[in-house]
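Coordinates as given in target-v7.tsv (TSV, N, CA and C atoms):
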```tsv
chain	number	residue	atom	x	y	z
A	1	MET	N	73.08	111.10	99.80
A	1	MET	CA	73.57	112.29	100.48
A	1	MET	C	75.10	112.27	100.56
A	2	ALA	N	75.69	111.11	100.87
A	2	ALA	CA	77.14	111.00	100.96
A	2	ALA	C	77.78	111.27	99.61
A	3	LYS	N	77.11	110.85	98.55
A	3	LYS	CA	77.64	111.06	97.21
A	3	LYS	C	77.67	112.56	96.89
A	4	THR	N	76.64	113.28	97.32
A	4	THR	CA	76.59	114.72	97.10
A	4	THR	C	77.70	115.43	97.87
A	5	ALA	N	77.95	115.01	99.10
A	5	ALA	CA	79.01	115.61	99.90
A	5	ALA	C	80.37	115.33	99.26
A	6	HIS	N	80.56	114.12	98.75
A	6	HIS	CA	81.82	113.77	98.08
A	6	HIS	C	82.01	114.62	96.83
A	7	HIS	N	80.95	114.79	96.05
A	7	HIS	CA	81.01	115.58	94.83
A	7	HIS	C	81.31	117.04	95.17
A	8	ASN	N	80.70	117.56	96.22
A	8	ASN	CA	80.93	118.93	96.65
A	8	ASN	C	82.37	119.12	97.10
A	9	LEU	N	82.91	118.16	97.84
A	9	LEU	CA	84.29	118.21	98.30
A	9	LEU	C	85.25	118.19	97.12
A	10	LYS	N	84.96	117.34	96.15
A	10	LYS	CA	85.79	117.24	94.95
A	10	LYS	C	85.78	118.56	94.18
A	11	GLY	N	84.60	119.15	94.03
A	11	GLY	CA	84.48	120.42	93.32
A	11	GLY	C	85.20	121.55	94.05
A	12	GLN	N	85.06	121.56	95.36
A	12	GLN	CA	85.73	122.59	96.17
A	12	GLN	C	87.24	122.45	96.06
A	13	SER	N	87.72	121.21	96.11
A	13	SER	CA	89.15	120.95	96.01
A	13	SER	C	89.68	121.38	94.65
A	14	LEU	N	88.96	121.05	93.60
A	14	LEU	CA	89.39	121.42	92.25
A	14	LEU	C	89.42	122.93	92.08
A	15	GLU	N	88.42	123.61	92.62
A	15	GLU	CA	88.38	125.07	92.55
A	15	GLU	C	89.59	125.69	93.26
A	16	LEU	N	89.91	125.17	94.44
A	16	LEU	CA	91.07	125.67	95.18
A	16	LEU	C	92.37	125.37	94.45
A	17	LEU	N	92.45	124.20	93.83
A	17	LEU	CA	93.66	123.85	93.07
A	17	LEU	C	93.86	124.81	91.89
A	18	GLN	N	92.78	125.18	91.24
A	18	GLN	CA	92.87	126.14	90.14
A	18	GLN	C	93.29	127.52	90.65
A	19	GLN	N	92.75	127.93	91.79
A	19	GLN	CA	93.15	129.20	92.40
A	19	GLN	C	94.63	129.17	92.75
A	20	TYR	N	95.07	128.04	93.32
A	20	TYR	CA	96.47	127.91	93.73
A	20	TYR	C	97.39	127.98	92.50
A	21	ARG	N	96.96	127.38	91.42
A	21	ARG	CA	97.76	127.37	90.19
A	21	ARG	C	97.94	128.79	89.66
A	22	GLN	N	96.87	129.60	89.75
A	22	GLN	CA	96.92	130.98	89.26
A	22	GLN	C	97.71	131.90	90.19
A	23	GLU	N	97.50	131.71	91.48
A	23	GLU	CA	98.14	132.58	92.47
A	23	GLU	C	98.49	131.75	93.71
A	24	PRO	N	99.66	131.12	93.72
A	24	PRO	CA	100.04	130.27	94.86
A	24	PRO	C	100.11	131.05	96.17
A	25	SER	N	99.50	130.47	97.20
A	25	SER	CA	99.59	131.06	98.54
A	25	SER	C	99.54	129.93	99.56
A	26	THR	N	100.15	130.18	100.69
A	26	THR	CA	100.18	129.19	101.76
A	26	THR	C	98.78	128.91	102.28
A	27	GLN	N	97.96	129.93	102.35
A	27	GLN	CA	96.59	129.77	102.87
A	27	GLN	C	95.78	128.81	101.98
A	28	ILE	N	95.83	129.01	100.68
A	28	ILE	CA	95.09	128.13	99.77
A	28	ILE	C	95.66	126.72	99.82
A	29	ARG	N	96.99	126.61	99.83
A	29	ARG	CA	97.63	125.29	99.90
A	29	ARG	C	97.20	124.54	101.14
A	30	ASN	N	97.14	125.23	102.28
A	30	ASN	CA	96.75	124.57	103.53
A	30	ASN	C	95.30	124.12	103.50
A	31	GLN	N	94.44	124.88	102.84
A	31	GLN	CA	93.04	124.47	102.68
A	31	GLN	C	92.95	123.20	101.84
A	32	ILE	N	93.74	123.14	100.78
A	32	ILE	CA	93.75	121.95	99.92
A	32	ILE	C	94.26	120.75	100.71
A	33	VAL	N	95.29	120.95	101.51
A	33	VAL	CA	95.83	119.86	102.34
A	33	VAL	C	94.75	119.34	103.28
A	34	GLN	N	94.04	120.24	103.94
A	34	GLN	CA	92.98	119.83	104.87
A	34	GLN	C	91.88	119.04	104.16
A	35	LEU	N	91.51	119.48	102.97
A	35	LEU	CA	90.46	118.79	102.22
A	35	LEU	C	90.89	117.40	101.75
A	36	ASN	N	92.19	117.20	101.53
A	36	ASN	CA	92.68	115.94	100.95
A	36	ASN	C	93.49	115.10	101.93
A	37	LEU	N	93.42	115.43	103.19
A	37	LEU	CA	94.17	114.68	104.19
A	37	LEU	C	93.73	113.21	104.27
A	38	GLY	N	92.53	112.92	103.84
A	38	GLY	CA	92.05	111.55	103.81
A	38	GLY	C	92.89	110.66	102.90
A	39	LEU	N	93.40	111.22	101.81
A	39	LEU	CA	94.29	110.46	100.93
A	39	LEU	C	95.55	110.03	101.69
A	40	VAL	N	96.08	110.95	102.47
A	40	VAL	CA	97.29	110.63	103.24
A	40	VAL	C	96.98	109.59	104.30
A	41	ARG	N	95.87	109.76	105.01
A	41	ARG	CA	95.49	108.80	106.06
A	41	ARG	C	95.34	107.39	105.50
A	42	LYS	N	94.73	107.30	104.32
A	42	LYS	CA	94.56	106.01	103.67
A	42	LYS	C	95.90	105.33	103.43
A	43	GLU	N	96.85	106.08	102.93
A	43	GLU	CA	98.19	105.53	102.67
A	43	GLU	C	98.93	105.24	103.97
A	44	VAL	N	98.73	106.07	105.00
A	44	VAL	CA	99.37	105.82	106.30
A	44	VAL	C	98.96	104.46	106.84
A	45	TYR	N	97.67	104.16	106.80
A	45	TYR	CA	97.21	102.88	107.32
A	45	TYR	C	97.77	101.72	106.51
A	46	HIS	N	97.96	101.93	105.22
A	46	HIS	CA	98.56	100.89	104.38
A	46	HIS	C	100.01	100.64	104.77
A	47	TRP	N	100.75	101.72	105.04
A	47	TRP	CA	102.19	101.59	105.32
A	47	TRP	C	102.50	101.29	106.78
A	48	LEU	N	101.57	101.48	107.68
A	48	LEU	CA	101.82	101.22	109.10
A	48	LEU	C	102.27	99.78	109.34
A	49	GLU	N	101.71	98.85	108.60
A	49	GLU	CA	102.05	97.44	108.78
A	49	GLU	C	103.40	97.09	108.18
A	50	LYS	N	103.93	97.94	107.31
A	50	LYS	CA	105.15	97.61	106.59
A	50	LYS	C	106.42	98.19	107.20
A	51	CYS	N	106.28	99.14	108.09
A	51	CYS	CA	107.48	99.73	108.68
A	51	CYS	C	107.25	100.02	110.16
A	52	ASN	N	108.29	100.37	110.84
A	52	ASN	CA	108.24	100.58	112.28
A	52	ASN	C	108.05	102.04	112.66
A	53	GLU	N	107.70	102.86	111.71
A	53	GLU	CA	107.50	104.27	111.99
A	53	GLU	C	106.14	104.50	112.64
A	54	SER	N	106.01	105.58	113.38
A	54	SER	CA	104.75	105.88	114.06
A	54	SER	C	103.75	106.49	113.09
A	55	TYR	N	102.49	106.46	113.50
A	55	TYR	CA	101.41	107.05	112.70
A	55	TYR	C	101.69	108.52	112.43
A	56	ASP	N	102.08	109.25	113.46
A	56	ASP	CA	102.33	110.69	113.31
A	56	ASP	C	103.48	110.98	112.34
A	57	ASP	N	104.55	110.17	112.42
A	57	ASP	CA	105.67	110.36	111.49
A	57	ASP	C	105.24	110.11	110.05
A	58	LEU	N	104.49	109.04	109.84
A	58	LEU	CA	104.02	108.73	108.49
A	58	LEU	C	103.04	109.78	108.00
A	59	LEU	N	102.21	110.29	108.87
A	59	LEU	CA	101.26	111.35	108.49
A	59	LEU	C	102.02	112.60	108.05
A	60	GLN	N	103.08	112.92	108.76
A	60	GLN	CA	103.87	114.10	108.41
A	60	GLN	C	104.57	113.91	107.06
A	61	VAL	N	105.17	112.75	106.86
A	61	VAL	CA	105.86	112.47	105.61
A	61	VAL	C	104.87	112.46	104.45
A	62	GLY	N	103.71	111.83	104.66
A	62	GLY	CA	102.69	111.79	103.62
A	62	GLY	C	102.15	113.17	103.28
A	63	SER	N	102.04	114.02	104.29
A	63	SER	CA	101.57	115.38	104.06
A	63	SER	C	102.57	116.16	103.22
A	64	MET	N	103.85	115.89	103.40
A	64	MET	CA	104.87	116.54	102.56
A	64	MET	C	104.71	116.09	101.10
A	65	GLY	N	104.40	114.80	100.90
A	65	GLY	CA	104.13	114.32	99.55
A	65	GLY	C	102.90	114.96	98.96
A	66	LEU	N	101.87	115.15	99.78
A	66	LEU	CA	100.64	115.80	99.32
A	66	LEU	C	100.93	117.25	98.91
A	67	ILE	N	101.72	117.94	99.69
A	67	ILE	CA	102.08	119.33	99.36
A	67	ILE	C	102.84	119.37	98.03
A	68	ARG	N	103.74	118.42	97.84
A	68	ARG	CA	104.48	118.35	96.58
A	68	ARG	C	103.52	118.14	95.40
A	69	ALA	N	102.53	117.28	95.60
A	69	ALA	CA	101.55	117.03	94.55
A	69	ALA	C	100.72	118.28	94.25
A	70	ILE	N	100.35	119.02	95.29
A	70	ILE	CA	99.59	120.26	95.11
A	70	ILE	C	100.39	121.25	94.28
A	71	GLU	N	101.68	121.35	94.57
A	71	GLU	CA	102.53	122.30	93.86
A	71	GLU	C	102.71	121.93	92.38
A	72	ARG	N	102.62	120.64	92.06
A	72	ARG	CA	102.87	120.20	90.69
A	72	ARG	C	101.62	119.90	89.88
A	73	PHE	N	100.47	119.90	90.50
A	73	PHE	CA	99.24	119.50	89.82
A	73	PHE	C	98.82	120.51	88.77
A	74	ASP	N	98.41	120.00	87.62
A	74	ASP	CA	97.90	120.84	86.54
A	74	ASP	C	96.57	120.24	86.08
A	75	ALA	N	95.48	120.91	86.42
A	75	ALA	CA	94.13	120.41	86.13
A	75	ALA	C	93.88	120.30	84.63
A	76	SER	N	94.60	121.05	83.83
A	76	SER	CA	94.37	121.02	82.39
A	76	SER	C	94.83	119.71	81.75
A	77	LYS	N	95.56	118.89	82.47
A	77	LYS	CA	96.02	117.60	81.95
A	77	LYS	C	94.93	116.54	81.95
A	78	GLY	N	93.82	116.80	82.65
A	78	GLY	CA	92.69	115.88	82.65
A	78	GLY	C	92.80	114.71	83.60
A	79	VAL	N	93.66	114.83	84.59
A	79	VAL	CA	93.85	113.77	85.58
A	79	VAL	C	93.20	114.21	86.89
A	80	ALA	N	92.52	113.27	87.56
A	80	ALA	CA	91.94	113.58	88.87
A	80	ALA	C	93.05	113.84	89.87
A	81	PHE	N	92.83	114.80	90.76
A	81	PHE	CA	93.88	115.13	91.73
A	81	PHE	C	94.25	113.94	92.61
A	82	SER	N	93.27	113.18	93.04
A	82	SER	CA	93.58	112.03	93.91
A	82	SER	C	94.48	111.03	93.19
A	83	SER	N	94.21	110.78	91.92
A	83	SER	CA	95.06	109.87	91.13
A	83	SER	C	96.46	110.43	90.96
A	84	PHE	N	96.55	111.74	90.84
A	84	PHE	CA	97.84	112.39	90.69
A	84	PHE	C	98.62	112.39	92.00
A	85	ALA	N	97.94	112.59	93.12
A	85	ALA	CA	98.60	112.78	94.41
A	85	ALA	C	99.09	111.48	95.05
A	86	ILE	N	98.37	110.38	94.87
A	86	ILE	CA	98.72	109.13	95.54
A	86	ILE	C	100.17	108.71	95.28
A	87	PRO	N	100.67	108.75	94.05
A	87	PRO	CA	102.08	108.37	93.86
A	87	PRO	C	103.06	109.26	94.62
A	88	TYR	N	102.77	110.55	94.71
A	88	TYR	CA	103.66	111.45	95.46
A	88	TYR	C	103.68	111.07	96.94
A	89	ILE	N	102.51	110.75	97.46
A	89	ILE	CA	102.40	110.35	98.86
A	89	ILE	C	103.10	109.01	99.07
A	90	ALA	N	102.84	108.05	98.21
A	90	ALA	CA	103.40	106.70	98.34
A	90	ALA	C	104.91	106.70	98.18
A	91	VAL	N	105.44	107.52	97.28
A	91	VAL	CA	106.89	107.59	97.09
A	91	VAL	C	107.56	108.09	98.36
A	92	LYS	N	106.96	109.09	99.01
A	92	LYS	CA	107.51	109.57	100.27
A	92	LYS	C	107.56	108.45	101.30
A	93	PHE	N	106.49	107.64	101.35
A	93	PHE	CA	106.47	106.53	102.30
A	93	PHE	C	107.49	105.48	101.95
A	94	SER	N	107.62	105.16	100.66
A	94	SER	CA	108.55	104.12	100.28
A	94	SER	C	109.99	104.54	100.55
A	95	ILE	N	110.29	105.82	100.36
A	95	ILE	CA	111.62	106.32	100.68
A	95	ILE	C	111.85	106.23	102.19
A	96	THR	N	110.87	106.64	102.97
A	96	THR	CA	110.98	106.56	104.43
A	96	THR	C	111.16	105.11	104.87
A	97	TYR	N	110.40	104.23	104.25
A	97	TYR	CA	110.50	102.81	104.58
A	97	TYR	C	111.89	102.26	104.25
A	98	ALA	N	112.39	102.62	103.09
A	98	ALA	CA	113.71	102.14	102.69
A	98	ALA	C	114.79	102.65	103.63
A	99	ILE	N	114.70	103.90	104.02
A	99	ILE	CA	115.68	104.46	104.96
A	99	ILE	C	115.57	103.77	106.31
A	100	ALA	N	114.36	103.58	106.79
A	100	ALA	CA	114.16	102.93	108.09
A	100	ALA	C	114.64	101.49	108.07
A	101	ALA	N	114.42	100.80	106.97
A	101	ALA	CA	114.83	99.40	106.88
A	101	ALA	C	116.35	99.27	106.86
A	102	ARG	N	117.01	100.27	106.34
A	102	ARG	CA	118.48	100.22	106.26
A	102	ARG	C	119.17	101.01	107.37
A	103	ARG	N	118.37	101.52	108.27
A	103	ARG	CA	118.90	102.37	109.33
A	103	ARG	C	120.04	101.71	110.09
A	104	TYR	N	119.90	100.44	110.35
A	104	TYR	CA	120.90	99.74	111.13
A	104	TYR	C	121.87	98.94	110.27
A	105	ALA	N	121.77	99.10	108.96
A	105	ALA	CA	122.60	98.30	108.07
A	105	ALA	C	123.80	99.08	107.53
A	106	PHE	N	123.96	100.31	107.95
A	106	PHE	CA	125.09	101.09	107.45
A	106	PHE	C	126.40	100.56	108.03
A	107	ARG	N	127.39	100.51	107.20
A	107	ARG	CA	128.72	100.08	107.64
A	107	ARG	C	129.68	101.25	107.49
A	108	VAL	N	130.57	101.33	108.41
A	108	VAL	CA	131.61	102.34	108.34
A	108	VAL	C	132.93	101.61	108.19
A	109	ASN	N	133.57	101.79	107.07
A	109	ASN	CA	134.87	101.17	106.85
A	109	ASN	C	135.95	102.09	107.39
A	110	VAL	N	136.77	101.52	108.23
A	110	VAL	CA	137.86	102.29	108.79
A	110	VAL	C	139.16	101.72	108.25
A	111	LEU	N	139.89	102.58	107.61
A	111	LEU	CA	141.18	102.15	107.06
A	111	LEU	C	142.25	102.33	108.12
A	112	THR	N	142.95	101.27	108.41
A	112	THR	CA	144.03	101.37	109.41
A	112	THR	C	145.37	101.14	108.81
```
Exercise: express the given structure as structure tokens:
Amino acid sequence: MAKTAHHNLKGQSLELLQQYRQEPSTQIRNQIVQLNLGLVRKEVYHWLEKCNESYDDLLQVGSMGLIRAIERFDASKGVAFSSFAIPYIAVKFSITYAIAARRYAFRVNVLT
């Protein structure tokens, strides 16, 4: 039964992605985000241990990566959306992590 639900979710997501590709709209994009938020949550839990950012902050940043992936996805390339989206989500986290890690390392040189 779980396999059927997963397959149905995948099919619904792919159908919405194709609709979005033909006629982009905020409503369709938001539906795709809701259906694929589990991808972001998975990455959030992975990155929570690596940086000092909060769950909500990472969820927001990851969702921005997911939106970027939705905007760039092309189903005709033969790649699964989840495989396509994970790097976009992870890159957003790695950038956030790099910025947070260097937050206190900035130096200001003052010429006197």
Enclose the full set of atoms of region 32-43 of chain A listed in the file within a box whose edges lie along x, y and z, apply 8 Å of padding to each of the six sides, and report centre and edge lengths in Å to one decimal as lines of an AutoDock Vina configuration file.
```
center_x = 94.7
center_y = 114.2
center_z = 103.0
size_x = 24.5
size_y = 33.9
size_z = 22.1
```
Sorted by chain and rising residue number, which residues of region 32-110 of chain A lie within 8 Å of region 10-17 of chain A, and what are their closest atom pairs and distances in Å to one decimal, counting all atoms listed in the file, as CSV?
```
residue,atom,partner,partner_atom,distance
A:Ile32,CA,A:Ser13,CA,6.1
A:Leu35,CA,A:Ser13,CA,6.7
A:Asn36,N,A:Ser13,CA,7.3
A:Ile70,CA,A:Leu17,CA,7.2
A:Phe73,C,A:Leu17,C,7.3
A:Asp74,CA,A:Leu17,C,7.8
A:Ala75,N,A:Leu17,C,6.9
A:Phe81,N,A:Leu14,CA,7.6
```
Item to check | Minimum-distance residue to Glu43 (chain A), chosen among A:Thr96, A:Arg21, A:Ala90, A:Ser76 (using only C-alpha atoms) | outcome: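 Using only C-alpha atoms, Glu43 (chain A) sits closest to A:Ala90.
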Item to check | Test item: residues at most 10 Å from Leu37 (chain A), only C-alpha atoms, excluding those fewer than 4 positions along its chain, as a list of chain:residue names | outcome: A:Gln31, A:Ile32, A:Val33, A:Arg41, A:Lys42, A:Leu59, A:Gly62, A:Ser63, A:Leu66
Checklist entry - Expressed in Å to a single decimal, how great is the separation between atom N of Arg29 (chain A) and atom C of Gly65 (chain A)? => result 13.1 Å
